[in-house]
file target_3.pdb (PDB, C-alpha atoms and all ligand atoms)
MODEL        1
ATOM      1  CA  MET A 101      16.803  13.478   7.708
ATOM      2  CA  ARG A 102      13.456  12.178   8.989
ATOM      3  CA  ILE A 103      12.980   8.431   9.209
ATOM      4  CA  LEU A 104       9.377   7.308   8.738
ATOM      5  CA  VAL A 105       8.096   3.831   9.471
ATOM      6  CA  VAL A 106       5.247   3.190   7.051
ATOM      7  CA  THR A 107       2.951   0.187   6.658
ATOM      8  CA  ALA A 108       1.452  -0.963   3.360
ATOM      9  CA  ALA A 109      -1.182  -3.595   2.596
ATOM     10  CA  ILE A 110      -0.948  -6.327  -0.021
ATOM     11  CA  ILE A 111      -4.619  -7.230  -0.415
ATOM     12  CA  PHE A 112      -5.531  -9.979  -2.862
ATOM     13  CA  VAL A 113      -9.102 -10.788  -3.782
ATOM     14  CA  GLY A 114      -8.901 -13.741  -6.137
ATOM     15  CA  ASP A 115      -5.993 -13.004  -8.470
ATOM     16  CA  LYS A 116      -6.308  -9.200  -8.185
ATOM     17  CA  VAL A 117      -4.273  -7.021  -5.877
ATOM     18  CA  LEU A 118      -5.335  -3.573  -4.684
ATOM     19  CA  ILE A 119      -3.241  -0.540  -5.631
ATOM     20  CA  THR A 120      -4.044   3.078  -4.793
ATOM     21  CA  GLN A 121      -3.029   6.409  -6.246
ATOM     22  CA  ARG A 122      -1.734   9.082  -3.873
ATOM     23  CA  ASN A 123      -3.559  12.352  -3.488
ATOM     24  CA  GLU A 124      -2.500  15.568  -5.192
ATOM     25  CA  ASN A 125      -0.391  17.979  -3.114
ATOM     26  CA  VAL A 126       1.280  15.319  -0.943
ATOM     27  CA  HIS A 127       4.719  13.685  -1.026
ATOM     28  CA  GLN A 128       4.890  11.484  -4.145
ATOM     29  CA  ALA A 129       1.676  13.082  -5.432
ATOM     30  CA  LEU A 130      -0.359  10.932  -7.814
ATOM     31  CA  LYS A 131       2.116   8.048  -7.667
ATOM     32  CA  TRP A 132       0.689   4.554  -7.282
ATOM     33  CA  GLU A 133       1.386   2.563  -4.128
ATOM     34  CA  PHE A 134       0.069  -0.062  -1.772
ATOM     35  CA  PRO A 135      -2.336   1.625   0.641
ATOM     36  CA  GLY A 136      -1.253   2.344   4.194
ATOM     37  CA  GLY A 137       0.505   5.045   6.145
ATOM     38  CA  LYS A 138       2.759   6.171   8.931
ATOM     39  CA  ILE A 139       2.911   4.439  12.284
ATOM     40  CA  GLU A 140       1.743   6.682  15.124
ATOM     41  CA  PRO A 141       3.391   6.608  18.560
ATOM     42  CA  GLY A 142       2.447   3.480  20.508
ATOM     43  CA  GLU A 143       0.867   1.673  17.558
ATOM     44  CA  SER A 144       1.896  -1.755  16.349
ATOM     45  CA  PRO A 145       2.383  -2.058  12.565
ATOM     46  CA  GLU A 146      -0.713  -4.252  12.390
ATOM     47  CA  GLU A 147      -2.864  -1.727  14.294
ATOM     48  CA  CYS A 148      -1.562   1.059  12.078
ATOM     49  CA  LEU A 149      -2.366  -0.804   8.889
ATOM     50  CA  ALA A 150      -5.896  -1.770   9.915
ATOM     51  CA  ARG A 151      -6.570   1.872  10.912
ATOM     52  CA  GLU A 152      -5.111   3.332   7.721
ATOM     53  CA  ILE A 153      -7.023   0.996   5.398
ATOM     54  CA  ASP A 154     -10.275   1.789   7.179
ATOM     55  CA  GLU A 155      -9.529   5.548   7.019
ATOM     56  CA  GLU A 156      -8.399   5.608   3.391
ATOM     57  CA  LEU A 157     -10.737   3.045   1.842
ATOM     58  CA  GLY A 158     -13.508   2.217   4.294
ATOM     59  CA  LEU A 159     -12.274  -1.370   4.261
ATOM     60  CA  LYS A 160     -11.918  -3.657   7.296
ATOM     61  CA  ILE A 161      -8.949  -6.007   7.097
ATOM     62  CA  ASN A 162      -7.083  -8.681   9.000
ATOM     63  CA  VAL A 163      -3.336  -8.128   8.840
ATOM     64  CA  GLY A 164      -1.335 -11.283   8.151
ATOM     65  CA  ASP A 165       2.320 -12.113   7.541
ATOM     66  CA  ILE A 166       5.006  -9.714   6.469
ATOM     67  CA  PHE A 167       5.589  -9.809   2.677
ATOM     68  CA  HIS A 168       8.504  -7.431   2.216
ATOM     69  CA  VAL A 169      10.514  -4.714   3.974
ATOM     70  CA  VAL A 170      11.987  -1.915   1.880
ATOM     71  CA  SER A 171      14.158   1.015   2.934
ATOM     72  CA  HIS A 172      14.132   3.919   0.505
ATOM     73  CA  VAL A 173      15.915   7.261   0.851
ATOM     74  CA  TYR A 174      14.028  10.147  -0.744
ATOM     75  CA  GLU A 175      15.547  13.636  -0.909
ATOM     76  CA  GLU A 176      14.408  14.744   2.531
ATOM     77  CA  ARG A 177      13.167  11.563   4.213
ATOM     78  CA  GLN A 178      13.902   7.898   4.605
ATOM     79  CA  VAL A 179      10.941   5.543   4.417
ATOM     80  CA  ILE A 180      11.025   2.101   6.023
ATOM     81  CA  LEU A 181       8.143   0.391   4.259
ATOM     82  CA  LEU A 182       6.636  -2.658   5.977
ATOM     83  CA  CYS A 183       4.404  -4.554   3.539
ATOM     84  CA  TYR A 184       1.962  -7.108   4.973
ATOM     85  CA  TYR A 185      -0.359  -9.624   3.401
ATOM     86  CA  CYS A 186      -3.888  -8.678   4.433
ATOM     87  CA  ARG A 187      -7.342 -10.189   4.058
ATOM     88  CA  CYS A 188     -10.617  -8.309   3.752
ATOM     89  CA  GLN A 189     -13.410  -8.841   6.285
ATOM     90  CA  PRO A 190     -15.543 -10.461   5.002
ATOM     91  CA  SER A 191     -13.271 -12.158   2.468
ATOM     92  CA  LYS A 192     -15.952 -12.078  -0.276
ATOM     93  CA  ILE A 193     -16.175  -8.319  -0.727
ATOM     94  CA  ASN A 194     -17.605  -6.419  -3.641
ATOM     95  CA  MET A 195     -14.410  -5.068  -5.202
ATOM     96  CA  SER A 196     -16.139  -1.994  -6.632
ATOM     97  CA  ASN A 197     -17.535  -1.156  -3.214
ATOM     98  CA  ILE A 198     -14.362   0.431  -1.896
ATOM     99  CA  GLN A 199     -14.462   4.177  -1.240
ATOM    100  CA  ALA A 200     -11.490   6.345  -2.223
ATOM    101  CA  ARG A 201     -11.850   8.305   1.048
ATOM    102  CA  ASP A 202      -8.270   9.453   1.327
ATOM    103  CA  CYS A 203      -6.632   8.542  -1.955
ATOM    104  CA  HIS A 204      -6.988   9.841  -5.506
ATOM    105  CA  ASP A 205      -7.972   6.567  -7.130
ATOM    106  CA  PHE A 206      -7.696   2.798  -6.758
ATOM    107  CA  ARG A 207      -7.533  -0.261  -9.000
ATOM    108  CA  TRP A 208      -7.722  -4.016  -8.588
ATOM    109  CA  VAL A 209      -5.067  -5.402 -10.920
ATOM    110  CA  SER A 210      -3.661  -8.783 -11.859
ATOM    111  CA  ILE A 211       0.064  -9.330 -11.357
ATOM    112  CA  ALA A 212       0.589  -8.955 -15.117
ATOM    113  CA  GLU A 213      -1.293  -5.641 -15.079
ATOM    114  CA  LEU A 214       1.206  -4.183 -12.580
ATOM    115  CA  ASP A 215       3.292  -3.578 -15.741
ATOM    116  CA  ASP A 216       0.533  -1.565 -17.441
ATOM    117  CA  GLY A 217       2.159   1.836 -16.948
ATOM    118  CA  TYR A 218       1.255   2.562 -13.321
ATOM    119  CA  ASP A 219       3.803   5.087 -12.035
ATOM    120  CA  PHE A 220       4.720   3.622  -8.629
ATOM    121  CA  SER A 221       6.577   5.464  -5.872
ATOM    122  CA  PRO A 222      10.265   4.467  -5.991
ATOM    123  CA  ALA A 223      10.048   2.574  -2.675
ATOM    124  CA  ASP A 224       7.410   0.341  -4.237
ATOM    125  CA  ILE A 225       9.442  -0.869  -7.186
ATOM    126  CA  PRO A 226      11.065  -3.737  -5.211
ATOM    127  CA  VAL A 227       7.620  -4.672  -3.862
ATOM    128  CA  VAL A 228       6.178  -4.855  -7.373
ATOM    129  CA  GLU A 229       9.195  -6.887  -8.509
ATOM    130  CA  LYS A 230       8.773  -9.352  -5.638
ATOM    131  CA  LEU A 231       5.065  -9.761  -6.385
ATOM    132  CA  LYS A 232       5.877 -10.453 -10.033
ATOM    133  CA  SER A 233       8.589 -12.969  -9.193
ATOM    134  CA  GLU A 234       6.454 -14.804  -6.611
ATOM    135  CA  PHE A 235       3.107 -14.834  -8.408
ATOM    136  CA  GLN A 236       3.656 -14.435 -12.145
ATOM    137  CA  VAL A 237       2.572 -17.413 -14.194
ATOM    138  CA  PRO A 238       5.602 -18.241 -16.352
TER     139      PRO A 238
HETATM  140  N1  LIG A 301       1.248   4.211   2.357
HETATM  141  C1  LIG A 301       2.305   4.095   1.580
HETATM  142  N2  LIG A 301       3.271   5.038   1.650
HETATM  143  C2  LIG A 301       4.320   4.885   0.833
HETATM  144  C3  LIG A 301       4.444   3.792  -0.057
HETATM  145  N3  LIG A 301       5.609   3.932  -0.754
HETATM  146  C4  LIG A 301       6.190   5.078  -0.322
HETATM  147  O1  LIG A 301       7.250   5.548  -0.713
HETATM  148  N4  LIG A 301       5.414   5.659   0.661
HETATM  149  C5  LIG A 301       5.769   6.887   1.368
HETATM  150  C6  LIG A 301       4.973   8.084   0.985
HETATM  151  C7  LIG A 301       5.049   8.927   2.235
HETATM  152  O2  LIG A 301       6.270   9.641   2.222
HETATM  153  C8  LIG A 301       5.092   7.897   3.351
HETATM  154  C9  LIG A 301       3.775   7.566   4.017
HETATM  155  O3  LIG A 301       2.785   8.268   3.449
HETATM  156  P1  LIG A 301       1.256   8.384   3.717
HETATM  157  O4  LIG A 301       0.911   9.655   3.049
HETATM  158  O5  LIG A 301       0.556   7.147   3.240
HETATM  159  O6  LIG A 301       1.057   8.488   5.281
HETATM  160  P2  LIG A 301      -0.357   8.663   5.976
HETATM  161  O7  LIG A 301      -1.383   7.842   5.264
HETATM  162  O8  LIG A 301      -0.090   8.392   7.431
HETATM  163  O9  LIG A 301      -0.760  10.168   5.677
HETATM  164  P3  LIG A 301      -0.779  11.504   6.544
HETATM  165  O10 LIG A 301      -1.535  11.191   7.789
HETATM  166  O11 LIG A 301       0.656  11.837   6.776
HETATM  167  O12 LIG A 301      -1.452  12.464   5.623
HETATM  168  O13 LIG A 301       5.581   6.716   2.754
HETATM  169  C10 LIG A 301       3.428   2.817  -0.093
HETATM  170  O14 LIG A 301       3.455   1.815  -0.834
HETATM  171  N5  LIG A 301       2.384   3.003   0.735
HETATM  172 MG    MG A 302      -1.507   6.789   3.346
ENDMDL
END
call {"tool": "encode", "arguments": {"input": "target_3.pdb", "output": "structure tokens", "more": "lines below"}}
Ligand SMILES: Nc1nc2c([nH]c(=O)n2[C@H]2C[C@H](O)[C@@H](COP(=O)(O)OP(=O)(O)OP(=O)(O)O)O2)c(=O)[nH]1
Ligand SMILES: [Mg+2]
result
Amino acid sequence: MRILVVTAAIIFVGDKVLITQRNENVHQALKWEFPGGKIEPGESPEECLAREIDEELGLKINVGDIFHVVSHVYEERQVILLCYYCRCQPSKINMSNIQARDCHDFRWVSIAELDDGYDFSPADIPVVEKLKSEFQVP
């Protein structure tokens, strides 16, 4: 089985977090996730994440602290998902100004809206749960 180390960005602007929908015809097609991708040889996780977010969304970010690490075994691959808090550069961005360059769609959602029927990849369920437990207003 292949083991993939994958980075994912938790990007808040105000109280909204960015989620993206995977392309058609890829693993986990059309599932929702936190944007990012596979680490290439020689890259640090932070370098990988900044590159992926620029490639997929045309967005420049600063990568901050680790938020969560999830290991998930799919049928033919294991994904080690490293989720980092990230900040946009500049921090006051126009949220509609993101380009879905290499994803099907994107949304800025509140923590409560994470429950609005978005079909997340299985590896992301613990990430969504942690966001809800850490940020949900009781
Ligand atoms: N980026 C990302 N990948 C995830 C998440 N959850 C999850 O299971 N994955 C899986 C899907 C893929 O099997 C793998 C990484 O996928 P990817 O398609 O984003 O990788 P990439 O951007 O480098 O794309 P490519 O160059 O291989 O086309 O991790 C997530 O939240 N974000
Ligand atoms: Mg990707």
call {"tool": "atom_distance", "arguments": {"input": "target_3.pdb", "atom1": "atom N1 of ligand LIG 301 (chain A)", "atom2": "CA of Gln199 (chain A)"}}
result
16.1 Å
call {"tool": "closest_residue", "arguments": {"input": "target_3.pdb", "among": "A:Ala212, A:Val105, A:Met195, A:Ala223", "to": "Glu143 (chain A)", "atoms": "all atoms listed in the file"}}
result
A:Val105
call {"tool": "residues_around", "arguments": {"input": "target_3.pdb", "residues": "region 129-139 of chain A", "least_positions_apart": "2", "cutoff": "6 Å", "atoms": "only C-alpha atoms", "output": "number ranges by chain"}}
result
A: 105-109, 119-127, 148-149, 152, 219-221
call {"tool": "atom_distance", "arguments": {"input": "target_3.pdb", "atom1": "CA of Asp224 (chain A)", "atom2": "CA of Glu155 (chain A)"}}
result
21.0 Å
call {"tool": "closest_residue", "arguments": {"input": "target_3.pdb", "among": "A:Cys203, A:Ile166, A:Ile110, A:Ala150", "to": "ligand MG 302 (chain A)", "atoms": "all atoms listed in the file"}}
result
A:Cys203
call {"tool": "closest_residue", "arguments": {"input": "target_3.pdb", "among": "A:Lys116, A:His168, A:Arg177, A:Lys232", "to": "ligand LIG 301 (chain A)", "atoms": "all atoms listed in the file"}}
result
A:Arg177
call {"tool": "resolve_selection", "arguments": {"input": "target_3.pdb", "expression": "the PyMOL selection byres (((chain A and resi 103) around 12) and not hetatm)", "output": "PyMOL selection string"}}
result
chain A and resi 101-102+104-106+138-139+171-181
call {"tool": "axis_aligned_box", "arguments": {"input": "target_3.pdb", "around": "region 140-145 of chain A", "padding_each_side": "3 Å", "output": "lines of an AutoDock Vina configuration file"}}
result
center_x = 2.1
center_y = 2.3
center_z = 16.5
size_x = 8.5
size_y = 14.7
size_z = 13.9
call {"tool": "atom_distance", "arguments": {"input": "target_3.pdb", "atom1": "CA of Arg201 (chain A)", "atom2": "CA of Phe235 (chain A)"}}
result
29.1 Å
call {"tool": "closest_residue", "arguments": {"input": "target_3.pdb", "among": "A:Leu182, A:Val117, A:Gln189, A:Asp205", "to": "ligand LIG 301 (chain A)", "atoms": "only C-alpha atoms and all ligand atoms"}}
result
A:Leu182
call {"tool": "closest_residue", "arguments": {"input": "target_3.pdb", "among": "A:Phe112, A:Asn197, A:Asp202, A:Glu140", "to": "Asp154 (chain A)", "atoms": "all atoms listed in the file"}}
result
A:Asp202
call {"tool": "closest_residue", "arguments": {"input": "target_3.pdb", "among": "A:Glu156, A:Asp215, A:Asp165, A:Asp115", "to": "ligand LIG 301 (chain A)", "atoms": "all atoms listed in the file"}}
result
A:Glu156
call {"tool": "residues_around", "arguments": {"input": "target_3.pdb", "residues": "Cys188 (chain A)", "least_positions_apart": "2", "cutoff": "8 Å", "atoms": "all atoms listed in the file", "output": "PDB file with C-alpha atoms, in the frame of the given file"}}
result
ATOM      1  CA  ILE A 111      -4.619  -7.230  -0.415  1.00  0.00           C
ATOM      2  CA  LEU A 159     -12.274  -1.370   4.261  1.00  0.00           C
ATOM      3  CA  LYS A 160     -11.918  -3.657   7.296  1.00  0.00           C
ATOM      4  CA  ILE A 161      -8.949  -6.007   7.097  1.00  0.00           C
ATOM      5  CA  ASN A 162      -7.083  -8.681   9.000  1.00  0.00           C
ATOM      6  CA  CYS A 186      -3.888  -8.678   4.433  1.00  0.00           C
ATOM      7  CA  PRO A 190     -15.543 -10.461   5.002  1.00  0.00           C
ATOM      8  CA  SER A 191     -13.271 -12.158   2.468  1.00  0.00           C
ATOM      9  CA  LYS A 192     -15.952 -12.078  -0.276  1.00  0.00           C
ATOM     10  CA  ILE A 193     -16.175  -8.319  -0.727  1.00  0.00           C
TER      11      ILE A 193
END
